[in-house]
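The block underneath contains the structure these notes are about, expressed in structure tokens.
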Amino acid sequence: MAQVYPGTPGNPVSVRRKHSPAPLVVVGAVVLLLGAVFGVAWAVTTPAMTGTVTAQGAAVPSEQLGEEFAGVAVFAFWMLAYGAVAAALAWFAARYWRGLVGYGVTFVTAVIGTVIAGSIGTWVAHLHFPDPHDVGMGQTFRVVPDLVLDGATRNGFSAPWILLICAPLTVSLVYLVCALATSDADLGVGDGVADDADQSLTVGV
């Protein structure tokens with residue numbers, strides 16, 4: 001007589017496999033590295049402001065406020081693109097970690113990557129232009145917009161955190177679209193119901 005355990009074709013069971021966190025760790029590291037890459041991309045594309053050295057020191061005229069706003073806006077757009085790339089990378093490269101864990105790691109690393117992008121980008125952008133203190137009296141100089149101020153721009157409203165949510169926002173949107181586009185209940189991980197042949201357990205008595 002044979003005893004049939006759950007897992008026969010009429011009674012399938014779900015098997016959850018254990019997966020190495022290595023792919024997720026690699027994705028997190030790559031996302032952070034991409035933050036630096038996108039920061040450099042901003043540095044070479046951001047509009048710069050023009051100032052003049054006067055007797056009172058280096059000054060940027062108020063007419064250049066539009067250029068500073070444009071520079072901050074360009075950074076925001078780069079971060080939106082950065083978040084989309086990070087989400088796509090996490091979804092496809094860390095397949096077995098799709099879900100809350102994969103999303104959470106990508107979300108947090110995108111926030112940290114934004115800080116890295118701002119720091120690296122500002123440093124690289126400053127390399128393109130001479131220090132205003134080294135420019136002679138009456139001469140003009142070029143500077144990049146400041147990203148971290150009391151406001152998003154000089155004399156602007158105090159909301160520098162807006163720049164930090166750009167990348168996480170697109171991470172959330174792209175990750176959500178990928179999840180909704182997946183017809184499998186396990187988000188395509190492959191840890192759902194296994195094949196009937198692998199699930200049937202029969203023990204002879």
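Each chain in the structure tokens gets a letter, A, B, ..., in the order shown, and its residues are numbered from 1; ligands are numbered from 1 in order too.
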
As a VMD selection string, please: the residues near stretch 169-184 of chain A (cut-off 8 Å, only C-alpha atoms, same-chain neighbours under 3 positions excluded). chain A and resid 80 to 81 83 to 84 86 to 88 91 103 106 to 107 110 165 to 166 187 to 188

Dump as a CSV table (one decimal), in the first residue's frame, selection limited to N, CA and C atoms:
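Dumped everything to selection.csv:
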chain,number,residue,atom,x,y,z
A,80,LEU,N,15.7,62.0,-11.4
A,80,LEU,CA,14.5,61.3,-11.9
A,80,LEU,C,14.9,60.1,-12.8
A,81,ALA,N,15.8,60.4,-13.7
A,81,ALA,CA,16.4,59.4,-14.6
A,81,ALA,C,17.2,58.4,-13.8
A,83,GLY,N,16.7,57.4,-10.7
A,83,GLY,CA,15.8,56.5,-10.0
A,83,GLY,C,15.2,55.5,-10.9
A,84,ALA,N,14.9,55.9,-12.1
A,84,ALA,CA,14.3,54.9,-13.1
A,84,ALA,C,15.3,53.8,-13.4
A,86,ALA,N,17.9,52.9,-11.5
A,86,ALA,CA,18.1,52.1,-10.3
A,86,ALA,C,17.0,51.0,-10.1
A,87,ALA,N,15.7,51.4,-10.3
A,87,ALA,CA,14.6,50.5,-10.2
A,87,ALA,C,14.7,49.4,-11.2
A,88,ALA,N,14.9,49.7,-12.5
A,88,ALA,CA,15.0,48.7,-13.5
A,88,ALA,C,16.2,47.7,-13.2
A,91,TRP,N,15.1,45.4,-10.4
A,91,TRP,CA,14.1,44.5,-10.8
A,91,TRP,C,14.6,43.3,-11.6
A,103,TYR,N,12.7,46.4,-3.1
A,103,TYR,CA,12.2,47.7,-3.2
A,103,TYR,C,12.8,48.6,-2.1
A,106,THR,N,16.6,49.3,-2.7
A,106,THR,CA,16.7,50.2,-3.8
A,106,THR,C,16.3,51.7,-3.4
A,107,PHE,N,15.3,51.8,-2.7
A,107,PHE,CA,14.8,53.1,-2.2
A,107,PHE,C,15.8,53.8,-1.4
A,110,ALA,N,19.0,54.7,-3.3
A,110,ALA,CA,18.7,55.9,-4.2
A,110,ALA,C,18.8,57.2,-3.5
A,165,ILE,N,13.9,63.5,-2.9
A,165,ILE,CA,12.8,62.6,-3.2
A,165,ILE,C,12.7,62.3,-4.7
A,166,CYS,N,13.4,63.0,-5.6
A,166,CYS,CA,13.3,62.8,-7.0
A,166,CYS,C,13.6,61.3,-7.4
A,187,LEU,N,5.7,37.5,-8.5
A,187,LEU,CA,6.4,38.6,-9.2
A,187,LEU,C,7.5,38.0,-10.2
A,188,GLY,N,7.3,36.8,-10.6
A,188,GLY,CA,8.2,36.2,-11.5
A,188,GLY,C,9.5,35.6,-10.9

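Ranking A:Val26, A:Leu32, A:Ile162, A:Ala41 by their shortest atom-to-atom distance to A:Trp78, with only C-alpha atoms included, puts A:Ala41 first.
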
Pairwise distance for atom CA of A:Gly99 and atom CA of A:Val25, rounded to one decimal in Å: 15.1 Å

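Straight-line separation from atom CA of A:Val74 to atom CA of A:Pro47: 8.2 Å.
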